[in-house]
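*Asks:* I am sharing start14.cif, which consists of mmCIF, C-alpha atoms:
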data_upload
#
loop_
_atom_site.label_atom_id
_atom_site.label_comp_id
_atom_site.auth_asym_id
_atom_site.auth_seq_id
_atom_site.Cartn_x
_atom_site.Cartn_y
_atom_site.Cartn_z
CA MET A 1 7.04 5.26 48.70
CA PRO A 2 8.31 1.66 48.34
CA GLY A 3 7.64 2.26 44.63
CA ILE A 4 11.24 3.50 44.45
CA LEU A 5 12.36 0.03 45.44
CA LEU A 6 10.20 -1.52 42.73
CA ALA A 7 11.69 0.76 40.07
CA PHE A 8 15.17 -0.02 41.34
CA ILE A 9 14.57 -3.78 41.16
CA VAL A 10 13.45 -3.47 37.54
CA LEU A 11 16.57 -1.43 36.78
CA VAL A 12 18.84 -4.05 38.36
CA ALA A 13 17.11 -6.82 36.40
CA VAL A 14 17.40 -4.94 33.09
CA LEU A 15 21.09 -4.25 33.63
CA GLU A 16 22.19 -7.57 35.07
CA ILE A 17 20.23 -10.30 33.26
CA PRO A 18 21.68 -9.66 29.75
CA ARG A 19 25.20 -9.52 31.25
CA LEU A 20 24.78 -12.91 32.94
CA ALA A 21 23.09 -14.44 29.89
CA ALA A 22 25.88 -13.23 27.59
CA LYS A 23 28.45 -14.99 29.76
CA GLY A 24 26.30 -18.13 29.74
CA TRP A 25 26.21 -18.21 33.55
CA TRP A 26 22.79 -19.89 33.75
CA ARG A 27 23.18 -21.20 37.29
CA GLU A 28 24.09 -17.72 38.52
CA LEU A 29 21.18 -16.28 36.56
CA VAL A 30 18.69 -18.64 38.23
CA VAL A 31 19.85 -17.84 41.80
CA PHE A 32 20.01 -14.12 40.99
CA SER A 33 16.46 -14.20 39.58
CA LEU A 34 15.13 -16.12 42.60
CA PHE A 35 16.51 -13.53 45.02
CA LEU A 36 15.35 -10.62 42.90
CA ALA A 37 11.89 -12.15 42.43
CA ALA A 38 11.51 -12.51 46.21
CA GLY A 39 12.45 -8.85 46.59
CA PHE A 40 10.10 -7.88 43.76
CA ILE A 41 7.09 -9.68 45.26
CA LEU A 42 7.69 -8.25 48.74
CA SER A 43 8.10 -4.68 47.51
CA LEU A 44 5.09 -5.05 45.21
CA LEU A 45 2.98 -6.06 48.22
CA LEU A 46 4.36 -3.09 50.19
CA THR A 47 3.60 -0.71 47.32
CA LEU A 48 0.05 -2.04 47.10
CA GLY A 49 -0.34 -1.18 50.78
CA VAL A 50 -0.47 -4.73 52.12
CA GLN A 51 0.55 -4.77 55.79
CA LEU A 52 3.34 -7.33 55.95
CA PRO A 53 4.20 -8.83 59.36
CA TYR A 54 7.05 -7.29 61.34
CA ILE A 55 10.00 -9.53 62.20
CA SER A 56 10.95 -8.56 65.74
CA PRO A 57 7.46 -9.08 67.29
CA ALA A 58 7.38 -12.53 65.65
CA ILE A 59 10.77 -13.46 67.12
CA THR A 60 9.76 -12.00 70.49
CA HIS A 61 6.61 -14.10 70.46
CA MET A 62 8.55 -17.25 69.55
CA ILE A 63 11.19 -16.78 72.27
CA GLU A 64 8.61 -15.91 74.92
CA ARG A 65 6.73 -19.12 74.14
CA LEU A 66 9.91 -21.20 74.11
CA PHE A 67 11.14 -19.95 77.48
CA GLY A 68 7.76 -19.20 79.05
CA LEU A 69 8.79 -15.64 79.90
CA MET B 1 37.90 -22.17 42.30
CA SER B 2 37.91 -19.45 44.87
CA LEU B 3 35.26 -16.78 44.76
CA GLU B 4 37.51 -14.21 46.39
CA ASN B 5 41.07 -13.60 45.28
CA GLY B 6 41.81 -10.75 47.67
CA LYS B 7 43.90 -11.02 50.80
CA THR B 8 43.71 -8.91 53.92
CA GLY B 9 46.46 -7.91 56.27
CA SER B 10 46.38 -8.03 60.03
CA TYR B 11 46.08 -4.26 60.49
CA GLY B 12 43.18 -4.06 58.05
CA THR B 13 41.33 -6.82 59.90
CA VAL B 14 41.84 -5.04 63.24
CA MET B 15 40.42 -1.83 61.80
CA LEU B 16 37.54 -3.62 60.06
CA THR B 17 36.66 -5.40 63.31
CA THR B 18 36.78 -2.14 65.26
CA GLY B 19 34.64 -0.32 62.72
CA PHE B 20 32.25 -3.26 62.50
CA LEU B 21 31.79 -3.31 66.28
CA LEU B 22 31.39 0.44 66.58
CA GLY B 23 28.83 0.33 63.76
CA SER B 24 25.44 0.25 65.39
CA SER B 25 26.76 0.55 68.94
CA LEU B 26 27.41 4.25 68.49
CA VAL B 27 23.68 4.58 67.83
CA LEU B 28 22.24 2.03 70.26
CA ILE B 29 24.59 2.17 73.23
CA PRO B 30 25.20 -1.29 74.78
CA GLY B 31 24.75 -2.05 78.48
CA ARG B 32 22.09 0.58 79.11
CA VAL B 33 20.08 -1.76 81.34
CA ALA B 34 22.73 -1.24 84.02
CA GLY B 35 22.11 2.51 84.26
CA HIS B 36 25.21 4.49 85.24
CA ASP B 37 27.19 1.27 85.65
CA ALA B 38 26.86 0.63 81.92
CA TRP B 39 30.60 1.11 81.37
CA ILE B 40 31.31 -1.77 83.78
CA ALA B 41 28.80 -3.90 81.89
CA VAL B 42 30.55 -3.04 78.60
CA LEU B 43 33.93 -4.11 80.02
CA LEU B 44 32.45 -7.37 81.37
CA GLY B 45 30.78 -7.90 78.01
CA LEU B 46 34.14 -7.34 76.33
CA ALA B 47 35.60 -10.18 78.43
CA GLU B 48 32.76 -12.48 77.31
CA GLY B 49 33.21 -11.27 73.73
CA LEU B 50 36.90 -12.18 73.81
CA LEU B 51 35.87 -15.75 74.68
CA PHE B 52 33.50 -15.76 71.68
CA ALA B 53 36.29 -14.45 69.45
CA TRP B 54 38.59 -17.22 70.71
CA LEU B 55 35.96 -19.73 69.60
CA PHE B 56 35.57 -18.12 66.15
CA ALA B 57 39.32 -17.88 65.63
CA GLY B 58 39.71 -21.49 66.77
CA LEU B 59 37.21 -22.59 64.13
CA ALA B 60 38.77 -20.45 61.40
CA GLY B 61 42.27 -21.57 62.39
CA ARG B 62 41.32 -25.24 62.16
CA PHE B 63 40.23 -24.78 58.55
CA PRO B 64 42.65 -22.23 57.09
CA GLY B 65 41.41 -20.43 53.99
CA LYS B 66 37.84 -21.74 54.35
CA THR B 67 34.75 -19.64 54.97
CA PHE B 68 32.01 -20.87 57.31
CA VAL B 69 29.92 -22.27 54.44
CA GLU B 70 32.81 -24.43 53.23
CA ILE B 71 33.57 -25.51 56.81
CA ALA B 72 29.95 -26.55 57.37
CA ASP B 73 30.00 -28.53 54.13
CA MET B 74 33.08 -30.43 55.28
CA VAL B 75 31.93 -31.00 58.86
CA TYR B 76 28.27 -31.90 58.41
CA GLY B 77 28.22 -33.26 54.89
CA ARG B 78 26.56 -31.57 51.94
CA SER B 79 22.84 -31.45 52.78
CA LEU B 80 22.95 -30.81 56.54
CA GLY B 81 25.86 -28.42 55.98
CA LYS B 82 23.82 -26.35 53.56
CA LEU B 83 20.92 -26.19 56.03
CA ILE B 84 23.18 -24.91 58.80
CA SER B 85 24.82 -22.46 56.39
CA ALA B 86 21.35 -21.19 55.47
CA ALA B 87 20.57 -20.50 59.15
CA PHE B 88 23.90 -18.72 59.52
CA LEU B 89 23.33 -16.64 56.38
CA TRP B 90 19.84 -15.70 57.59
CA TYR B 91 21.45 -14.32 60.74
CA LEU B 92 23.90 -12.22 58.70
CA LEU B 93 21.10 -10.86 56.51
CA HIS B 94 18.82 -10.16 59.47
CA LEU B 95 21.63 -8.53 61.45
CA GLY B 96 22.42 -6.29 58.49
CA ALA B 97 18.75 -5.34 58.23
CA MET B 98 18.61 -4.52 61.95
CA VAL B 99 21.73 -2.33 61.74
CA LEU B 100 20.22 -0.58 58.74
CA ALA B 101 17.00 -0.12 60.71
CA ASN B 102 18.91 1.33 63.69
CA PHE B 103 20.48 3.95 61.44
CA THR B 104 17.27 4.62 59.54
CA ILE B 105 15.36 5.22 62.77
CA TYR B 106 18.21 7.33 64.15
CA PHE B 107 18.30 9.60 61.13
CA SER B 108 14.58 9.75 60.47
CA SER B 109 13.68 10.55 64.06
CA LEU B 110 16.45 13.09 64.75
CA LEU B 111 17.75 14.67 61.57
CA MET B 112 15.58 14.02 58.52
CA PRO B 113 12.01 13.41 59.69
CA GLU B 114 10.45 14.17 56.28
CA THR B 115 12.56 11.71 54.29
CA PRO B 116 10.85 8.36 53.71
CA LYS B 117 12.70 5.51 55.38
CA VAL B 118 13.00 3.51 52.18
CA VAL B 119 15.00 6.28 50.46
CA PHE B 120 17.44 6.39 53.30
CA SER B 121 17.97 2.66 53.68
CA LEU B 122 18.18 2.12 49.90
CA LEU B 123 20.86 4.80 49.47
CA VAL B 124 22.98 3.44 52.32
CA THR B 125 22.61 -0.10 50.96
CA LEU B 126 23.68 1.01 47.47
CA VAL B 127 26.95 2.39 48.82
CA CYS B 128 27.46 -0.78 50.87
CA ALA B 129 26.69 -2.98 47.85
CA SER B 130 29.20 -1.10 45.75
CA ALA B 131 31.91 -1.71 48.38
CA ALA B 132 30.89 -5.33 48.99
CA GLY B 133 30.91 -6.06 45.25
CA LYS B 134 34.52 -4.86 45.02
CA GLY B 135 35.68 -7.56 47.42
CA ILE B 136 37.31 -7.89 50.79
CA GLU B 137 40.40 -5.83 49.99
CA VAL B 138 38.38 -2.72 49.27
CA LEU B 139 36.39 -3.22 52.47
CA THR B 140 39.48 -3.46 54.65
CA ARG B 141 41.15 -0.51 52.89
CA CYS B 142 38.01 1.57 53.57
CA SER B 143 38.17 0.60 57.22
CA GLU B 144 41.89 1.42 57.44
CA LEU B 145 40.94 4.93 56.34
CA LEU B 146 37.65 5.47 58.16
CA THR B 147 38.03 3.75 61.53
CA PRO B 148 41.03 5.80 62.81
CA LEU B 149 39.03 8.90 61.88
CA ILE B 150 36.13 7.79 64.07
CA LEU B 151 38.43 6.85 66.95
CA LEU B 152 39.91 10.34 66.73
CA LEU B 153 36.40 11.78 66.67
CA ILE B 154 35.40 9.81 69.80
CA VAL B 155 38.49 11.03 71.65
CA SER B 156 37.95 14.65 70.63
CA ASP B 157 34.22 14.52 71.45
CA THR B 158 35.03 13.20 74.87
CA LEU B 159 37.70 15.83 75.50
CA LEU B 160 35.56 18.71 74.21
CA MET B 161 32.90 17.88 76.78
CA ILE B 162 35.30 17.77 79.68
CA GLY B 163 33.76 20.80 81.37
CA ASN B 164 30.34 19.12 81.57
CA TYR B 165 31.35 16.00 83.49
CA HIS B 166 29.81 15.41 86.88
CA LEU B 167 31.68 12.51 88.41
CA LYS B 168 29.05 12.20 91.12
CA TYR B 169 26.68 10.86 88.46
CA LEU B 170 28.90 7.78 88.21
CA GLN B 171 28.55 7.10 91.93
CA PRO B 172 27.65 4.98 93.80
CA PHE B 173 29.95 2.53 92.08
CA LEU B 174 28.28 -0.83 91.22
CA GLU B 175 24.82 0.29 92.24
CA ALA B 176 23.04 -2.02 89.79
CA PRO B 177 22.16 -5.40 91.33
CA LEU B 178 24.38 -8.25 90.15
CA PRO B 179 21.81 -10.11 87.98
CA ARG B 180 20.94 -6.93 86.13
CA LEU B 181 24.62 -6.06 85.67
CA LEU B 182 25.35 -9.53 84.30
CA TRP B 183 22.36 -9.34 81.95
CA ALA B 184 23.58 -5.97 80.72
CA ALA B 185 27.06 -7.44 80.27
CA HIS B 186 25.64 -10.34 78.27
CA GLY B 187 23.62 -7.86 76.23
CA ALA B 188 26.84 -6.01 75.40
CA ALA B 189 28.54 -9.32 74.58
CA SER B 190 25.78 -10.34 72.16
CA SER B 191 25.56 -6.91 70.57
CA PRO B 192 28.10 -5.89 69.42
CA PHE B 193 30.99 -8.17 70.49
CA GLY B 194 29.51 -11.56 69.55
CA GLU B 195 28.46 -10.22 66.16
CA THR B 196 32.07 -10.80 65.07
CA VAL B 197 30.72 -14.25 64.15
CA ALA B 198 30.27 -12.62 60.73
CA PHE B 199 34.07 -12.63 60.45
CA LEU B 200 33.90 -16.39 59.93
CA MET B 201 33.20 -15.35 56.32
CA VAL B 202 36.11 -12.90 56.26
CA MET B 203 38.93 -14.43 58.31
CA ALA B 204 39.53 -17.02 55.58
CA PHE B 205 41.22 -14.30 53.52
CA LEU B 206 43.75 -13.24 56.14
CA ASP B 207 47.21 -13.61 54.63
CA ASN B 208 48.43 -15.20 57.85
CA THR B 209 45.86 -17.46 59.52
CA ARG B 210 47.75 -17.51 62.82
CA GLU B 211 46.94 -13.85 63.25
CA SER B 212 43.18 -14.33 63.27
CA TYR B 213 42.79 -14.36 67.05
CA PRO B 214 45.22 -11.50 67.77
CA ALA B 215 43.57 -9.41 65.04
CA LEU B 216 40.03 -10.07 66.30
CA ALA B 217 41.05 -9.52 69.93
CA LYS B 218 42.77 -6.22 69.15
CA GLY B 219 39.69 -5.00 67.28
CA LEU B 220 37.43 -6.11 70.12
CA ALA B 221 39.60 -4.43 72.74
CA THR B 222 39.80 -1.14 70.81
CA ALA B 223 36.06 -1.01 70.20
CA GLY B 224 35.28 -2.17 73.74
CA LEU B 225 37.42 0.53 75.33
CA ALA B 226 35.92 3.19 73.06
CA LEU B 227 32.39 2.05 73.97
CA ALA B 228 33.24 1.99 77.70
CA VAL B 229 34.53 5.57 77.41
CA ILE B 230 31.36 6.61 75.56
CA THR B 231 28.99 5.00 78.07
CA ALA B 232 30.89 6.48 81.03
CA ARG B 233 30.88 9.89 79.33
CA ASN B 234 27.14 9.76 78.63
CA ALA B 235 26.39 8.80 82.22
CA ALA B 236 28.72 11.47 83.61
CA ILE B 237 27.13 14.20 81.49
CA LEU B 238 23.46 13.28 81.43
CA GLY B 239 23.18 11.59 84.81
CA PRO B 240 19.77 10.25 85.75
CA THR B 241 18.15 11.93 82.72
CA GLU B 242 20.03 9.54 80.42
CA LYS B 243 17.20 7.01 80.65
CA ALA B 244 14.81 9.50 79.08
CA PHE B 245 16.69 9.61 75.76
CA ILE B 246 16.51 6.98 73.05
CA PHE B 247 19.89 8.04 71.65
CA PRO B 248 21.87 9.46 74.61
CA SER B 249 25.09 9.95 72.59
CA TYR B 250 23.26 12.30 70.26
CA GLN B 251 21.99 14.29 73.22
CA VAL B 252 25.52 14.57 74.59
CA ILE B 253 26.93 15.77 71.27
CA THR B 254 24.30 18.52 70.96
CA MET B 255 25.78 20.02 74.13
CA ILE B 256 29.20 20.62 72.52
CA ASN B 257 29.92 24.34 72.45
CA ILE B 258 33.37 25.48 71.36
CA ALA B 259 33.66 29.26 71.16
CA ASP B 260 30.01 29.52 70.06
CA ILE B 261 30.43 26.82 67.42
CA THR B 262 27.48 24.57 68.20
CA ARG B 263 25.23 22.05 66.49
CA VAL B 264 27.99 19.71 65.39
CA GLU B 265 25.61 16.76 65.79
CA ALA B 266 24.76 16.55 62.08
CA LEU B 267 28.46 16.26 61.27
CA VAL B 268 29.05 13.67 63.97
CA SER B 269 25.99 11.67 62.89
CA ALA B 270 27.24 11.58 59.32
CA ALA B 271 30.58 10.34 60.63
CA ILE B 272 28.87 7.66 62.71
CA LEU B 273 27.12 6.52 59.55
CA MET B 274 30.53 5.60 58.11
CA MET B 275 30.85 2.91 60.76
CA GLY B 276 27.37 1.69 59.91
CA PHE B 277 28.53 1.50 56.30
CA LEU B 278 31.45 -0.75 57.30
CA LYS B 279 29.15 -3.04 59.28
CA VAL B 280 26.38 -3.34 56.69
CA ALA B 281 28.91 -3.76 53.86
CA THR B 282 30.70 -6.56 55.72
CA LEU B 283 27.41 -8.33 56.44
CA LEU B 284 26.22 -7.89 52.85
CA TYR B 285 29.53 -9.26 51.61
CA GLY B 286 29.22 -12.26 53.94
CA THR B 287 25.64 -12.95 52.86
CA ALA B 288 26.35 -12.72 49.13
CA LEU B 289 29.58 -14.73 49.30
CA GLY B 290 27.98 -17.38 51.51
CA THR B 291 24.93 -17.73 49.27
CA ALA B 292 27.13 -18.08 46.19
CA GLN B 293 29.11 -20.83 47.94
CA VAL B 294 25.95 -22.64 49.04
CA PHE B 295 24.71 -22.74 45.45
CA GLY B 296 28.18 -23.40 44.02
CA LEU B 297 28.26 -20.30 41.80
CA ARG B 298 31.25 -18.90 39.91
CA SER B 299 30.95 -15.40 41.34
CA TYR B 300 29.17 -13.79 44.28
CA ARG B 301 28.98 -10.36 42.64
CA PRO B 302 25.59 -10.83 40.88
CA LEU B 303 24.07 -11.65 44.28
CA VAL B 304 25.20 -8.48 46.08
CA LEU B 305 22.41 -6.23 44.80
CA PRO B 306 19.52 -8.74 45.22
CA ALA B 307 20.74 -9.49 48.76
CA GLY B 308 20.95 -5.75 49.40
CA ILE B 309 17.36 -5.29 48.21
CA LEU B 310 16.22 -8.07 50.56
CA MET B 311 18.13 -6.33 53.34
CA VAL B 312 16.29 -3.07 52.65
CA LEU B 313 12.95 -4.89 52.73
CA LEU B 314 13.82 -6.67 55.98
CA CYS B 315 14.96 -3.32 57.38
CA LEU B 316 11.56 -1.79 56.60
CA GLN B 317 9.85 -4.73 58.33
CA ALA B 318 12.39 -5.24 61.11
CA PHE B 319 10.79 -3.26 63.93
CA SER B 320 7.19 -2.15 64.28
CA SER B 321 8.19 1.00 66.21
CA THR B 322 11.08 2.68 68.01
CA PRO B 323 10.04 1.35 71.47
CA ASP B 324 9.81 -2.09 69.88
CA MET B 325 13.41 -1.71 68.66
CA LEU B 326 14.67 -0.79 72.15
CA GLN B 327 12.66 -3.57 73.80
CA PHE B 328 13.96 -6.11 71.30
CA ALA B 329 17.57 -4.97 71.69
CA GLU B 330 17.41 -5.13 75.49
CA LYS B 331 15.31 -8.21 76.18
CA ILE B 332 15.08 -10.53 73.20
CA TYR B 333 18.17 -10.08 71.05
CA PRO B 334 20.65 -11.44 73.68
CA ILE B 335 18.67 -14.71 73.62
CA TYR B 336 17.92 -14.73 69.89
CA ALA B 337 21.60 -14.31 69.00
CA LEU B 338 22.84 -17.16 71.22
CA PRO B 339 22.34 -20.08 68.81
CA PHE B 340 24.05 -18.18 65.99
CA GLN B 341 26.89 -16.68 68.01
CA ILE B 342 27.78 -19.63 70.26
CA GLY B 343 25.61 -22.59 69.26
CA ILE B 344 26.55 -23.03 65.60
CA PRO B 345 30.31 -22.28 65.92
CA LEU B 346 30.71 -24.36 69.10
CA VAL B 347 28.84 -27.39 67.75
CA THR B 348 30.76 -27.15 64.47
CA LEU B 349 34.08 -27.06 66.34
CA VAL B 350 33.11 -30.02 68.56
CA VAL B 351 31.88 -32.13 65.63
CA ALA B 352 35.04 -31.27 63.69
CA ALA B 353 37.14 -32.37 66.67
CA ILE B 354 35.21 -35.65 67.03
CA ARG B 355 35.48 -36.41 63.31
CA LYS B 356 39.17 -35.41 63.43
CA LEU B 357 38.67 -32.97 60.57
CA PRO B 358 40.35 -31.63 58.54
CA GLN B 359 43.50 -33.81 59.00
CA GLU B 360 41.90 -36.99 57.62
CA SER B 361 40.71 -35.38 54.41
CA ARG B 362 44.25 -34.46 53.41
#
Would you write the structure of this file as structure tokens?
*Replies:*
Amino acid sequence: MPGILLAFIVLVAVLEIPRLAAKGWWRELVVFSLFLAAGFILSLLLTLGVQLPYISPAITHMIERLFGL
Amino acid sequence: MSLENGKTGSYGTVMLTTGFLLGSSLVLIPGRVAGHDAWIAVLLGLAEGLLFAWLFAGLAGRFPGKTFVEIADMVYGRSLGKLISAAFLWYLLHLGAMVLANFTIYFSSLLMPETPKVVFSLLVTLVCASAAGKGIEVLTRCSELLTPLILLLIVSDTLLMIGNYHLKYLQPFLEAPLPRLLWAAHGAASSPFGETVAFLMVMAFLDNTRESYPALAKGLATAGLALAVITARNAAILGPTEKAFIFPSYQVITMINIADITRVEALVSAAILMMGFLKVATLLYGTALGTAQVFGLRSYRPLVLPAGILMVLLCLQAFSSTPDMLQFAEKIYPIYALPFQIGIPLVTLVVAAIRKLPQESR
């Protein structure tokens, strides 16, 4: 199901990149692309069925080790 | 050049704060660790939250018209400032993802079990991104419209259930042992009241900076009283069975029966989602605006959708299961949030005072 996300990311890229390029906002374009690329890679991995780590167990683990709970 | 040309009034900020605080708290009720004394824990947490808000308003008042990212740049210098801003922005993004996850789990476990979670969180984020992209004025106007509606809904819910109250469920008064009560109070202070730290990105656009503390405090007080009423109501209706439910408010609302009109819970849940919208949209706005300021961009609008997509992804990966979400909210989050809610603002304020900023730079 995360395929929806992947399609959406492509849609956002197709709509937004020409708009930014036309204005000549290259700095904005670079940051925008970095963020979108991170999203694209993560949702591609999810779509391929890769089990990504969950955040809250990682934070729980970190805090338990820090405070020796 | 300013990235945001809008201005907000005092009333709008009060309503945005109230809506922001009610956001996920209507789903995950604060102070539950204290059992039927939860309402006392919420009121104690409100007192702690007002102290937090005083700190945030003090920081915002010292640097009028500056968002947290700009403040950090001035106080710590460019490179360290950007690092601290990045930590702060991570918190906003992660908080938004957790709120989104709360609502996704709420809806997918109670109302729409067949709908994939990604559809739900993506649709909510799209609406939030549209509002966040329009700027702070649109956000506050939305809250001026939506928040009074929810307050009215909370009052009417509470009154409609008046026949089901068992005041004996609230007794004995102060049964929870003091350490547990204080922990519950701190839990309520960290979620939701301390989350107003996100307003360090918003308070810069208040048309009168002196009103930042009164506005925050009024919002905190309104939301705190509403949450205390809700927790007391849940305990008085459900009694000892309250612990068995993940979402006790939902259970209470299913019991509403006015002249054979029942099952209003879908309606109420949709209304609750409006508060989630205000919270996620504010956090998304803060994240996008802050990131644009960190990178020195000319507009934050191109970043709203990519940040929203990251929020959806973090939401999908936020909690491994519903019990994990409850465990995290009760045990870990009150500690995890401390450095972001108190640490960063307090240290920034102290360093600014030592360096006598911002007077010298003028």
*Asks:* Return as a PyMOL selection string the set of residues that the PyMOL selection byres ((chain A) within 6 of (chain B)) yields on the displayed structure.
*Replies:* chain A and resi 28+32+35-36+39+54-56
*Asks:* Which residues fall under the PyMOL selection byres ((chain B and resi 183-198) around 6) in this file, as a VMD selection string?
*Replies:* chain B and resid 21 30 to 31 33 to 34 41 to 42 44 to 45 48 to 49 180 to 182 199 to 201 334 341
*Asks:* Taking the file as shown, what set of residues would the PyMOL selection byres ((chain B and resi 348) around 9) give back, as a list in words?
*Replies:* Leu59, Ile71, Ala72, Val75, Tyr76, Gly343, Ile344, Pro345, Leu346, Val347, Leu349, Val350, Val351, Ala352 and Ala353 of chain B
*Asks:* Build an axis-aligned box that encloses every atom of segment 25-40 of chain A listed in the file, pad it by 3 Å on each side, and report its centre and edge lengths in Å to one decimal, as lines of an AutoDock Vina configuration file.
*Replies:*
center_x = 18.2
center_y = -14.5
center_z = 40.1
size_x = 22.1
size_y = 19.3
size_z = 19.0
*Asks:* Pick out the residues sitting within 8 Å of segment 271-282 of chain B, and hand them over as a PyMOL selection string; count all atoms listed in the file, and ignore anything fewer than 2 positions along from it in its own chain.
*Replies:* chain B and resi 16+19-24+26-27+96+99-100+103+124-125+127-129+131-132+139+142-143+146-147+150+198+267-269+284-286
*Asks:* Would you save the residues of that selection, restricted to C-alpha atoms, as a compact mmCIF listing (two decimals), in the coordinates of the input?
*Replies:*
# COMPACT_ATOMS: atom_id res chain seq x y z
CA LEU B 16 37.54 -3.62 60.06
CA GLY B 19 34.64 -0.32 62.72
CA PHE B 20 32.25 -3.26 62.50
CA LEU B 21 31.79 -3.31 66.28
CA LEU B 22 31.39 0.44 66.58
CA GLY B 23 28.83 0.33 63.76
CA SER B 24 25.44 0.25 65.39
CA LEU B 26 27.41 4.25 68.49
CA VAL B 27 23.68 4.58 67.83
CA GLY B 96 22.42 -6.29 58.49
CA VAL B 99 21.73 -2.33 61.74
CA LEU B 100 20.22 -0.58 58.74
CA PHE B 103 20.48 3.95 61.44
CA VAL B 124 22.98 3.44 52.32
CA THR B 125 22.61 -0.10 50.96
CA VAL B 127 26.95 2.39 48.82
CA CYS B 128 27.46 -0.78 50.87
CA ALA B 129 26.69 -2.98 47.85
CA ALA B 131 31.91 -1.71 48.38
CA ALA B 132 30.89 -5.33 48.99
CA LEU B 139 36.39 -3.22 52.47
CA CYS B 142 38.01 1.57 53.57
CA SER B 143 38.17 0.60 57.22
CA LEU B 146 37.65 5.47 58.16
CA THR B 147 38.03 3.75 61.53
CA ILE B 150 36.13 7.79 64.07
CA ALA B 198 30.27 -12.62 60.73
CA LEU B 267 28.46 16.26 61.27
CA VAL B 268 29.05 13.67 63.97
CA SER B 269 25.99 11.67 62.89
CA LEU B 284 26.22 -7.89 52.85
CA TYR B 285 29.53 -9.26 51.61
CA GLY B 286 29.22 -12.26 53.94
*Asks:* Would you work out the distance separating atom CA of Ala13 of chain A from atom CA of Ser33 of chain A, expressed in Å to one decimal?
*Replies:*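 Atom CA of Ala13 of chain A sits 8.1 Å away from atom CA of Ser33 of chain A.
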*Asks:* Excluding Asn234 of chain B and any residue of its chain fewer than 3 positions from it, enumerate the residues within 8 Å of it, using all atoms listed in the file, and give them as JSON, numbers by chain.
*Replies:* {"B": [230, 231, 237, 238, 239, 242, 248, 249, 252]}
*Asks:* Atom CA of Thr8 of chain B and atom CA of Asn208 of chain B are how many Å apart?
*Replies:*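 Atom-to-atom, atom CA of Thr8 of chain B to atom CA of Asn208 of chain B, that is 8.8 Å.
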*Asks:* Would you mind reading off the distance between atom CA of Ala217 of chain B and atom CA of Tyr91 of chain B, one decimal, in Å?
*Replies:* 22.2 Å
*Asks:* Go through B:Phe120, B:Thr287, B:Asp260, B:Ala53 and flag the residue nearest Leu5 of chain A, using only C-alpha atoms for the distances.
*Replies:* B:Phe120
*Asks:* I'd like the neighbourhood of Leu48 of chain A as a PyMOL selection string, where a residue qualifies if any of its atoms comes within 12 Å (using all atoms listed in the file), though same-chain residues fewer than 4 positions away should be ignored.
*Replies:* chain A and resi 1-3+6+41-44+52
*Asks:* Considering only C-alpha atoms, can you say which of B:Tyr250, B:Tyr106, B:Phe245, B:Phe173 comes closest to Asp37 of chain B?
*Replies:* B:Phe173
